[in-house]
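The structure file work.txt is reproduced below (compact mmCIF, C-alpha atoms and all ligand atoms).
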```txt
# COMPACT_ATOMS: atom_id res chain seq x y z
CA MET A 516 43.39 71.65 124.78
CA ARG A 517 46.17 73.79 126.24
CA ALA A 518 47.73 76.85 124.63
CA VAL A 519 51.21 75.74 125.70
CA ASP A 520 50.93 72.50 123.69
CA ILE A 521 49.78 74.43 120.59
CA ILE A 522 52.70 76.85 120.90
CA ARG A 523 55.13 73.94 121.31
CA LYS A 524 53.66 72.11 118.29
CA LYS A 525 54.14 75.19 116.10
CA ARG A 526 57.60 75.81 117.53
CA PHE A 527 58.75 72.35 116.37
CA GLY A 528 57.28 72.74 112.90
CA GLY A 529 53.89 71.04 113.27
CA GLU A 530 50.83 72.10 111.27
CA LEU A 531 48.04 73.33 113.55
CA THR A 532 44.53 71.99 113.04
CA ASP A 533 41.50 74.22 112.47
CA SER A 534 40.31 73.45 115.99
CA GLU A 535 43.66 74.35 117.56
CA ILE A 536 43.66 77.69 115.73
CA GLY A 537 40.00 78.23 116.66
CA PHE A 538 40.87 77.51 120.31
CA LEU A 539 43.63 80.16 120.32
CA ILE A 540 41.45 82.83 118.71
CA ALA A 541 38.46 82.10 120.97
CA GLY A 542 40.78 82.31 124.00
CA LEU A 543 42.25 85.57 122.72
CA VAL A 544 38.80 87.13 122.36
CA ASP A 545 37.29 85.93 125.63
CA GLY A 546 40.49 86.54 127.59
CA THR A 547 40.95 82.93 128.75
CA ILE A 548 44.34 82.72 127.04
CA PRO A 549 46.74 85.33 128.42
CA ASP A 550 48.47 87.86 126.17
CA TYR A 551 51.90 86.30 126.82
CA GLN A 552 50.85 82.97 125.33
CA ILE A 553 49.25 84.60 122.28
CA SER A 554 52.39 86.69 121.85
CA ALA A 555 54.65 83.63 122.16
CA TRP A 556 52.56 81.88 119.50
CA ALA A 557 52.74 84.94 117.20
CA MET A 558 56.53 85.01 117.58
CA THR A 559 56.70 81.30 116.77
CA VAL A 560 54.64 81.95 113.62
CA CYS A 561 57.13 84.67 112.63
CA TYR A 562 59.89 82.06 112.65
CA MET A 563 58.07 78.91 111.54
CA GLY A 564 55.47 80.39 109.16
CA MET A 565 52.07 78.85 108.48
CA SER A 566 50.74 76.62 105.71
CA ASP A 567 48.00 77.96 103.39
CA LYS A 568 45.51 75.79 105.25
CA GLU A 569 46.52 77.19 108.65
CA THR A 570 46.47 80.75 107.30
CA ALA A 571 42.94 80.26 105.93
CA ALA A 572 41.79 78.78 109.26
CA LEU A 573 43.25 81.73 111.17
CA THR A 574 41.60 84.17 108.76
CA LEU A 575 38.17 82.57 109.12
CA ALA A 576 38.46 82.33 112.91
CA MET A 577 39.26 86.06 113.06
CA ALA A 578 36.61 87.00 110.45
CA ASN A 579 33.95 85.16 112.49
CA SER A 580 35.05 86.61 115.84
CA GLY A 581 32.64 89.58 115.59
CA ASP A 582 30.05 91.10 113.27
CA THR A 583 29.88 89.77 109.73
CA VAL A 584 28.07 91.74 107.05
CA ASP A 585 25.63 90.00 104.72
CA LEU A 586 25.56 92.00 101.49
CA SER A 587 23.29 89.53 99.70
CA PRO A 588 20.23 91.86 99.78
CA ILE A 589 22.18 94.11 97.36
CA SER A 590 21.92 92.86 93.80
CA GLY A 591 24.99 92.27 91.63
CA VAL A 592 28.50 91.04 92.38
CA LYS A 593 29.84 93.23 95.18
CA VAL A 594 33.56 93.88 94.78
CA ASP A 595 35.60 95.31 97.66
CA LYS A 596 38.95 97.04 97.29
CA HIS A 597 41.74 97.18 99.82
CA SER A 598 45.08 98.95 99.75
CA THR A 599 47.89 97.90 102.05
CA GLY A 600 48.44 101.62 102.53
CA GLY A 601 50.61 104.32 101.15
CA VAL A 602 51.31 108.03 101.11
CA GLY A 603 49.01 110.04 98.85
CA ASP A 604 46.90 106.95 98.10
CA LYS A 605 43.48 108.35 97.29
CA THR A 606 42.51 105.68 94.74
CA THR A 607 39.35 104.58 96.60
CA LEU A 608 37.89 108.09 96.13
CA ILE A 609 38.33 107.67 92.38
CA VAL A 610 37.72 103.96 91.89
CA ALA A 611 34.52 103.63 93.97
CA PRO A 612 32.37 106.09 91.95
CA LEU A 613 34.15 105.13 88.71
CA VAL A 614 33.33 101.42 88.88
CA ALA A 615 29.84 102.22 90.19
CA ALA A 616 29.32 104.35 87.07
CA CYS A 617 30.16 101.22 85.05
CA GLY A 618 27.68 98.99 86.88
CA VAL A 619 29.68 97.35 89.69
CA PRO A 620 28.03 97.97 93.08
CA VAL A 621 30.41 99.20 95.78
CA ALA A 622 29.30 98.69 99.40
CA LYS A 623 32.47 99.59 101.19
CA MET A 624 33.66 99.96 104.74
CA SER A 625 36.84 101.94 105.20
CA GLY A 626 39.07 102.93 108.06
CA ARG A 627 40.44 106.10 109.56
CA GLY A 628 44.14 106.68 109.33
CA LEU A 629 46.71 106.49 112.07
CA GLY A 630 50.09 108.05 111.31
CA HIS A 631 51.02 109.64 107.96
CA THR A 632 47.76 111.07 106.62
CA GLY A 633 44.10 110.29 107.11
CA GLY A 634 42.39 107.15 105.85
CA THR A 635 39.63 107.12 103.23
CA ILE A 636 37.01 107.98 105.85
CA ASP A 637 38.95 111.06 106.98
CA LYS A 638 39.41 112.16 103.37
CA LEU A 639 35.68 111.82 102.66
CA GLU A 640 34.83 113.70 105.85
CA SER A 641 36.87 116.63 104.60
CA ILE A 642 33.99 117.24 102.14
CA PRO A 643 31.65 119.66 103.93
CA GLY A 644 28.66 117.80 105.39
CA PHE A 645 29.79 114.29 104.37
CA ARG A 646 28.54 111.60 106.81
CA THR A 647 30.29 108.24 107.07
CA GLU A 648 27.94 106.71 109.65
CA LEU A 649 24.90 105.22 107.94
CA GLY A 650 22.53 102.64 109.36
CA ARG A 651 22.52 99.24 107.66
CA ASP A 652 19.23 99.86 105.82
CA ASP A 653 20.32 103.28 104.52
CA PHE A 654 23.68 101.81 103.50
CA PHE A 655 22.03 99.04 101.47
CA ALA A 656 19.37 101.37 100.01
CA GLN A 657 22.03 103.82 98.84
CA VAL A 658 24.02 101.08 97.07
CA ASP A 659 20.84 99.83 95.39
CA GLU A 660 19.86 103.33 94.35
CA ILE A 661 23.12 104.91 93.17
CA GLY A 662 25.56 101.97 93.20
CA VAL A 663 28.01 103.21 95.79
CA ALA A 664 28.25 103.87 99.54
CA VAL A 665 31.33 104.14 101.75
CA ILE A 666 30.99 104.03 105.52
CA GLY A 667 33.28 103.79 108.55
CA GLN A 668 34.15 100.28 109.67
CA SER A 669 31.92 99.04 112.50
CA GLY A 670 33.75 98.73 115.80
CA ASN A 671 33.03 95.02 115.99
CA ILE A 672 34.46 93.78 112.66
CA ALA A 673 37.07 91.06 113.37
CA PRO A 674 37.73 91.99 117.02
CA ALA A 675 40.22 89.10 117.26
CA ASP A 676 42.35 90.85 114.63
CA LYS A 677 42.17 94.11 116.57
CA LYS A 678 43.45 92.38 119.74
CA LEU A 679 46.08 90.33 117.94
CA TYR A 680 47.33 93.35 116.00
CA ALA A 681 47.68 95.36 119.23
CA LEU A 682 49.85 92.56 120.68
CA ARG A 683 51.86 92.17 117.48
CA ASP A 684 52.52 95.89 117.40
CA VAL A 685 54.32 95.76 120.77
CA THR A 686 56.01 92.37 120.44
CA ALA A 687 57.79 92.93 117.11
CA THR A 688 55.58 90.37 115.37
CA VAL A 689 53.89 92.54 112.72
CA GLU A 690 56.27 91.53 109.93
CA SER A 691 55.04 88.03 109.20
CA ILE A 692 53.41 87.37 105.85
CA PRO A 693 50.77 84.86 107.10
CA LEU A 694 49.89 87.16 110.01
CA ILE A 695 49.55 90.26 107.80
CA ALA A 696 47.64 88.32 105.12
CA SER A 697 45.17 86.84 107.61
CA SER A 698 44.75 90.20 109.35
CA VAL A 699 43.82 92.01 106.12
CA MET A 700 41.67 89.23 104.71
CA SER A 701 39.75 88.60 107.96
CA LYS A 702 38.39 92.16 107.81
CA LYS A 703 37.58 91.96 104.10
CA ILE A 704 35.79 88.63 104.51
CA ALA A 705 33.77 89.90 107.49
CA ALA A 706 32.79 92.95 105.40
CA GLY A 707 30.89 90.61 103.09
CA ALA A 708 31.96 91.33 99.47
CA ASP A 709 31.77 88.55 96.88
CA ALA A 710 35.14 89.42 95.36
CA ILE A 711 38.17 91.35 96.58
CA LEU A 712 40.67 93.50 94.71
CA LEU A 713 43.88 94.09 96.65
CA ASP A 714 46.33 96.89 95.96
CA VAL A 715 49.58 95.67 97.52
CA LYS A 716 52.07 98.50 97.74
CA THR A 717 55.81 98.10 97.57
CA GLY A 718 58.68 100.51 98.11
CA ASP A 719 60.01 102.93 100.68
CA GLY A 720 56.57 104.11 101.80
CA ALA A 721 55.08 100.60 102.11
CA PHE A 722 55.12 97.66 104.51
CA MET A 723 56.67 95.48 101.82
CA LYS A 724 59.90 97.16 100.81
CA THR A 725 60.67 94.91 97.81
CA PRO A 726 58.44 93.75 94.94
CA GLU A 727 59.43 90.13 95.79
CA ASP A 728 58.02 90.45 99.32
CA ALA A 729 54.93 92.22 97.97
CA VAL A 730 54.32 89.27 95.62
CA LYS A 731 54.67 86.86 98.57
CA LEU A 732 52.11 88.82 100.60
CA ALA A 733 49.80 89.12 97.59
CA SER A 734 50.05 85.38 96.90
CA ALA A 735 49.23 84.57 100.52
CA MET A 736 46.12 86.78 100.39
CA VAL A 737 44.97 85.44 97.01
CA ALA A 738 45.41 81.88 98.37
CA ILE A 739 43.23 82.73 101.39
CA GLY A 740 40.58 84.18 99.07
CA SER A 741 40.46 81.02 97.00
CA GLN A 742 40.37 78.77 100.11
CA VAL A 743 37.37 80.65 101.49
CA GLY A 744 35.52 81.08 98.18
CA ARG A 745 36.02 84.81 97.55
CA ARG A 746 37.62 85.60 94.21
CA THR A 747 40.67 87.71 94.95
CA VAL A 748 43.07 89.53 92.64
CA ALA A 749 46.10 91.53 93.78
CA VAL A 750 47.76 94.37 91.89
CA ILE A 751 51.31 95.13 93.06
CA SER A 752 51.81 98.88 92.75
CA ASP A 753 54.69 101.18 93.52
CA MET A 754 54.96 103.21 96.73
CA ASP A 755 58.58 104.29 96.51
CA GLN A 756 57.33 107.86 96.13
CA PRO A 757 53.94 109.35 97.04
CA LEU A 758 51.11 108.58 94.58
CA GLY A 759 49.95 111.66 92.70
CA ARG A 760 51.03 115.09 93.85
CA THR A 761 48.97 115.76 96.97
CA ILE A 762 49.20 114.49 100.55
CA GLY A 763 46.55 115.74 102.98
CA ASN A 764 42.82 115.13 103.17
CA ALA A 765 41.02 117.91 101.24
CA LEU A 766 43.99 118.20 98.86
CA GLU A 767 43.65 114.50 98.06
CA VAL A 768 39.90 114.86 97.46
CA ARG A 769 40.70 117.72 95.07
CA GLU A 770 43.15 115.53 93.15
CA ALA A 771 40.69 112.61 93.03
CA ILE A 772 38.05 114.93 91.53
CA GLU A 773 40.61 116.11 88.98
CA VAL A 774 41.19 112.50 87.87
CA LEU A 775 37.44 111.92 87.64
CA ARG A 776 37.30 115.00 85.39
CA GLY A 777 39.91 113.46 83.09
CA GLU A 778 42.69 115.64 84.50
CA GLY A 779 45.11 114.99 87.38
CA PRO A 780 48.51 113.33 87.50
CA ASP A 781 49.33 110.40 85.19
CA ASP A 782 50.56 108.01 87.90
CA LEU A 783 47.40 108.35 89.97
CA ARG A 784 45.17 108.06 86.91
CA GLU A 785 47.02 104.96 85.70
CA VAL A 786 46.96 103.08 89.03
CA SER A 787 43.28 103.95 89.48
CA LEU A 788 42.39 102.70 85.99
CA VAL A 789 44.29 99.43 86.50
CA LEU A 790 42.56 98.79 89.84
CA ALA A 791 39.17 99.72 88.45
CA SER A 792 39.67 97.49 85.35
CA HIS A 793 40.21 94.45 87.56
CA MET A 794 37.14 95.38 89.59
CA LEU A 795 34.97 95.46 86.45
CA VAL A 796 36.22 92.00 85.50
CA LEU A 797 35.70 90.65 89.05
CA GLY A 798 32.25 92.23 89.06
CA GLY A 799 31.38 90.41 85.83
CA VAL A 800 30.59 93.53 83.80
CA ALA A 801 33.67 93.26 81.53
CA GLU A 802 35.22 90.24 79.79
CA ASP A 803 38.80 91.36 80.22
CA THR A 804 40.83 94.29 81.51
CA ASP A 805 41.21 95.86 78.03
CA SER A 806 37.49 96.16 77.45
CA ALA A 807 37.07 97.25 81.08
CA ARG A 808 39.57 100.02 80.53
CA SER A 809 37.80 101.47 77.49
CA ARG A 810 34.56 101.45 79.42
CA LEU A 811 36.18 103.28 82.34
CA GLU A 812 37.83 105.82 80.08
CA SER A 813 34.53 106.62 78.43
CA ALA A 814 32.83 106.96 81.85
CA ILE A 815 35.44 109.61 82.63
CA SER A 816 35.30 111.43 79.30
CA SER A 817 31.48 111.48 79.23
CA GLY A 818 31.34 113.02 82.72
CA GLU A 819 29.43 109.97 84.05
CA ALA A 820 32.11 109.18 86.63
CA LEU A 821 32.14 112.72 87.98
CA ARG A 822 28.33 112.78 88.13
CA LYS A 823 28.40 109.50 90.06
CA PHE A 824 30.88 111.04 92.50
CA ALA A 825 28.59 114.05 93.01
CA ALA A 826 25.56 111.75 93.53
CA PHE A 827 27.54 109.67 96.04
CA VAL A 828 28.61 112.79 97.96
CA ALA A 829 25.05 114.16 97.96
CA ALA A 830 23.59 110.83 99.13
CA GLN A 831 25.87 110.91 102.17
CA GLY A 832 24.96 114.49 103.08
CA GLY A 833 28.01 116.15 101.53
CA ASP A 834 28.18 119.19 99.27
CA PRO A 835 28.03 117.81 95.70
CA GLY A 836 29.08 121.24 94.44
CA VAL A 837 32.70 120.31 95.23
CA ALA A 838 32.76 118.23 92.04
CA GLU A 839 32.39 121.42 89.97
CA ASP A 840 33.91 123.97 92.31
CA LEU A 841 37.05 122.83 94.14
CA SER A 842 37.15 126.03 96.20
CA ARG A 843 34.21 124.64 98.24
CA LEU A 844 36.64 122.18 99.86
CA PRO A 845 38.42 123.29 103.06
CA GLN A 846 41.24 125.69 102.20
CA ALA A 847 44.38 126.29 104.26
CA PRO A 848 44.95 129.98 105.03
CA LEU A 849 48.61 129.97 104.04
CA ARG A 850 50.90 128.46 101.42
CA LEU A 851 54.63 128.07 102.03
CA PRO A 852 56.96 127.13 99.17
CA VAL A 853 59.77 124.57 99.52
CA PRO A 854 62.50 125.74 97.11
CA ALA A 855 65.32 123.46 95.90
CA ALA A 856 68.62 124.10 97.67
CA GLU A 857 70.60 123.00 94.61
CA GLU A 858 70.04 122.03 91.00
CA GLY A 859 69.65 118.51 89.67
CA TYR A 860 67.30 115.81 88.46
CA VAL A 861 64.81 114.50 90.99
CA LEU A 862 65.86 110.87 91.51
CA GLY A 863 63.39 110.01 94.24
CA ILE A 864 61.10 111.35 96.97
CA GLU A 865 61.04 109.41 100.23
CA ALA A 866 57.36 108.63 100.64
CA GLU A 867 57.44 107.93 104.36
CA ALA A 868 59.24 111.18 105.17
CA VAL A 869 56.69 113.20 103.17
CA GLY A 870 53.85 111.39 104.95
CA LEU A 871 55.36 112.23 108.33
CA ALA A 872 55.83 115.87 107.30
CA ALA A 873 52.13 116.04 106.37
CA MET A 874 51.29 114.55 109.76
CA THR A 875 53.41 117.23 111.46
CA LEU A 876 51.25 119.85 109.71
CA GLY A 877 48.10 118.22 111.13
CA ALA A 878 46.96 116.09 108.16
CA GLY A 879 47.28 112.81 110.10
CA ARG A 880 47.01 111.47 113.62
CA ALA A 881 49.88 110.53 115.92
CA THR A 882 47.41 108.95 118.37
CA LYS A 883 43.88 107.76 117.70
CA ASP A 884 42.32 110.67 119.61
CA ASP A 885 44.10 113.43 117.66
CA ALA A 886 41.93 115.72 115.54
CA ILE A 887 42.75 116.08 111.84
CA ASP A 888 43.08 119.41 110.07
CA TYR A 889 41.43 118.66 106.71
CA ALA A 890 42.82 121.68 104.88
CA VAL A 891 46.56 121.24 105.46
CA GLY A 892 49.00 119.15 103.49
CA ILE A 893 51.65 119.06 100.82
CA GLU A 894 51.57 119.37 97.04
CA LEU A 895 54.61 118.01 95.22
CA ALA A 896 55.54 120.30 92.34
CA ALA A 897 58.60 118.29 91.22
CA LYS A 898 58.45 114.53 90.72
CA PRO A 899 61.13 111.98 89.78
CA GLY A 900 62.55 112.68 86.33
CA ASP A 901 62.02 116.47 86.59
CA PHE A 902 65.01 118.83 86.48
CA VAL A 903 65.08 121.66 89.03
CA ARG A 904 67.39 124.67 89.38
CA GLU A 905 68.38 126.13 92.74
CA GLY A 906 65.36 128.06 94.08
CA ASP A 907 62.82 126.23 91.88
CA LEU A 908 59.72 124.97 93.60
CA LEU A 909 60.00 121.40 94.91
CA ALA A 910 56.73 121.43 96.83
CA MET A 911 54.08 123.71 98.29
CA LEU A 912 52.94 123.35 101.88
CA TYR A 913 49.34 124.22 102.79
CA VAL A 914 49.47 125.30 106.43
CA ARG A 915 47.60 127.03 109.25
CA ALA A 916 50.48 129.27 110.29
CA ASP A 917 54.07 130.09 109.47
CA ASP A 918 55.34 128.54 112.71
CA GLU A 919 57.87 126.00 113.99
CA ARG A 920 55.82 123.03 112.78
CA SER A 921 55.74 124.44 109.26
CA ALA A 922 59.47 125.19 109.36
CA SER A 923 60.28 121.63 110.35
CA ALA A 924 57.93 120.28 107.65
CA ILE A 925 59.75 122.45 105.06
CA GLN A 926 63.09 120.95 106.16
CA ALA A 927 61.68 117.43 106.09
CA VAL A 928 60.14 117.78 102.62
CA ARG A 929 63.34 119.27 101.21
CA ALA A 930 65.37 116.43 102.77
CA SER A 931 62.99 113.84 101.31
CA TYR A 932 64.02 114.84 97.76
CA ARG A 933 67.04 113.00 96.32
CA LEU A 934 68.67 115.02 93.52
CA GLY A 935 71.46 113.96 91.16
CA ALA A 936 73.38 115.24 88.15
CA GLU A 937 72.05 112.50 85.82
CA ARG A 938 68.42 111.60 85.23
CA GLY A 939 67.66 108.29 87.00
CA PRO A 940 65.89 105.28 85.45
CA ASP A 941 62.08 105.38 85.57
CA ARG A 942 60.72 103.13 88.30
CA PRO A 943 57.74 101.05 87.17
CA LEU A 944 54.37 102.10 88.52
CA LEU A 945 53.10 98.53 88.53
CA HIS A 946 55.09 95.46 89.52
CA GLY A 947 52.69 92.67 88.62
CA ILE A 948 49.34 91.02 89.14
CA VAL A 949 48.67 87.98 91.31
CA GLN A 950 45.47 86.04 90.70
N1 LIG B 1001 47.44 95.97 107.89
C1 LIG B 1001 46.59 95.14 108.53
O1 LIG B 1001 45.37 95.29 108.47
N2 LIG B 1001 47.12 94.11 109.23
C2 LIG B 1001 48.45 93.88 109.33
O2 LIG B 1001 48.85 92.92 109.97
C3 LIG B 1001 49.32 94.78 108.67
C4 LIG B 1001 48.78 95.81 107.95
```

What does the file become when written as structure tokens?
Ligand code: URA
Amino acid sequence: MRAVDIIRKKRFGGELTDSEIGFLIAGLVDGTIPDYQISAWAMTVCYMGMSDKETAALTLAMANSGDTVDLSPISGVKVDKHSTGGVGDKTTLIVAPLVAACGVPVAKMSGRGLGHTGGTIDKLESIPGFRTELGRDDFFAQVDEIGVAVIGQSGNIAPADKKLYALRDVTATVESIPLIASSVMSKKIAAGADAILLDVKTGDGAFMKTPEDAVKLASAMVAIGSQVGRRTVAVISDMDQPLGRTIGNALEVREAIEVLRGEGPDDLREVSLVLASHMLVLGGVAEDTDSARSRLESAISSGEALRKFAAFVAAQGGDPGVAEDLSRLPQAPLRLPVPAAEEGYVLGIEAEAVGLAAMTLGAGRATKDDAIDYAVGIELAAKPGDFVREGDLLAMLYVRADDERSASAIQAVRASYRLGAERGPDRPLLHGIVQ
């Protein structure tokens, strides 16, 4: 077999066999196929696409290229959750203890963030003492004992995806639905869950800018799930503005705790409940999403969900007292207001710009070796639909110092608000379900 023949076959519209795809991925991992041929193939896929069968073969080849986790020693249907990423997305912090409180075991691996703000692991590590590196036996024992554990992704999960993604990133071949779908699903499949709930974001702050493209990506991922025998459901949720009001690691933990207490912003609570409802159904503990929802709501109102969060934090070495006392989370020394420069209705808040402003303050990483400042971030006081007068508070920045970085973040946050004389239409929070 020669890589050049496989590239040519794809280029002229042929469907690659499982063994041709396996040959490419094996050659990518062991270095026998040079980067330029893999890149040429990825570019061809961008133009010619891949069939469902090819996409599933690519996913499995990447999933099996490194460590695969066997979660079968843990009893129950293990349901994983994955978000395609967004600004202010702290739903895993809410959903993991919430569904665990309702009987669905969560044995989850999460990533660190690059860009915008931290990933779930960074957010959890903002809780004093919280450890995200557990050995396999401790990880399993914790899930069996309290129903939930979240750890950092092992370095050797789907190494083929890591290599391919690095090439795609520098050859303008990220934006291909079969390549994104196989990339995401290869990691989820290697992580071993029985069922997968996907939160596919759409809007300004997401990979998929339109709901139509988000549905296409979701459908491709659900098709992979069914081809490889993992039940998969995708919720399409909005990311045209940040989710909730906070962006920044400890601030996002604070907001997640508020939702678990039955407080917190409506949009974050709603998206979390929808995701969690599907997880209860996938996990086989609820018949349908309506009954799942009542169960989740009572876990919140009874305090069970918050107690599960505290037990989860304690089990991983963190300070469970944060659940009751938010001041135990890292606190920024200074707050700087962002006042409105004019009056009007808030029509929109550019999610990506707010994410970048939070990164400027130190809440995210520009390169993988950057350190994160857990305490800093942004709290949005005004959200779409609100009316503000000149000088009213748009947002509050939580910063280390009143310096140039903070000044440029203030400018950026102010510029991210779109104001108008008339109230704009409400944008839906949810754009559909693919299953
Ligand atoms: N996220 C991934 O994991 N892979 C992609 O290709 C794009 C986003």

Item to check | Near-ligand residues for ligand LIG 1001 (chain B), threshold 7 Å, all atoms listed in the file, as a list in words | outcome: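 Using all atoms listed in the file, everything at most 7 Å from ligand LIG 1001 (chain B) comes to Thr599, Tyr680, Val689, Leu694, Ile695, Ala696, Ser698 and Val699 of chain A.
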
Checklist entry - Which residue gives the smallest distance to A:Gly892 among A:Arg904, A:Lys623, A:Arg517, A:Arg760, with all atoms listed in the file counted? => result A:Arg760

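Considering the residues A:Met874, A:Asp941, A:Ile864, A:Gly618 and counting only C-alpha atoms, A:Gly900 has its shortest atom-to-atom contact with A:Asp941.
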
Checklist entry - Near stretch 783-791 of chain A, counting all atoms listed in the file, which residues have an atom at most 8 Å away, once you skip same-chain residues fewer than 2 positions from it, shown as a ChimeraX atom specification? => result /A:606,609-610,613-614,712,714,750,752,758-759,774,779-781,793-795,804,808,811,944-945

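Proximity ranking of A:Asp520, A:Ala930, A:Lys568, A:Ala675 relative to A:Asp533 places A:Lys568 first, based on only C-alpha atoms.
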
Checklist outcome for this item: Here atom CA of A:Arg769 and atom CA of A:Val837 stand apart by 8.4 Å

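In terms of minimum interatomic distance to A:Val743, A:Leu575 ranks closest within A:Ile672, A:Ala868, A:Leu575, A:Val594, counting only C-alpha atoms.
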
Checklist entry - Neighbours of A:Met624 within 10 Å (all atoms listed in the file; same-chain residues fewer than 3 positions away dropped), as a PyMOL selection string? => result chain A and resi 595-597+621+635-636+647+664-669+702-703+706-707

Checklist entry - What residues have an atom no more than 10 Å from (47.8, 79.2, 123.4) in the file's own frame, counting only C-alpha atoms, and can you write them as a PyMOL selection string? => result chain A and resi 516-523+535-536+538-540+542-543+547-557

Checklist entry - Got a sec: who's within 12 Å of A:Leu841, counting all atoms listed in the file, leaving out chain neighbours fewer than 4 positions off, as number ranges by chain? => result A: 642-643, 765-773, 776, 834-837, 845-846

Checklist entry - Between atom CA of A:Ser566 and atom CA of A:Arg746, what is the distance, to one decimal in Å? => result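 Those two atoms sit 19.6 Å apart.
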
Next on the checklist: Quick one: residues within 10 Å of A:Lys898, only C-alpha atoms, excluding same-chain residues fewer than 4 positions away - as a ChimeraX atom specification?
Outcome noted: /A:756-757,759-760,860-864,902-903,909-910,932
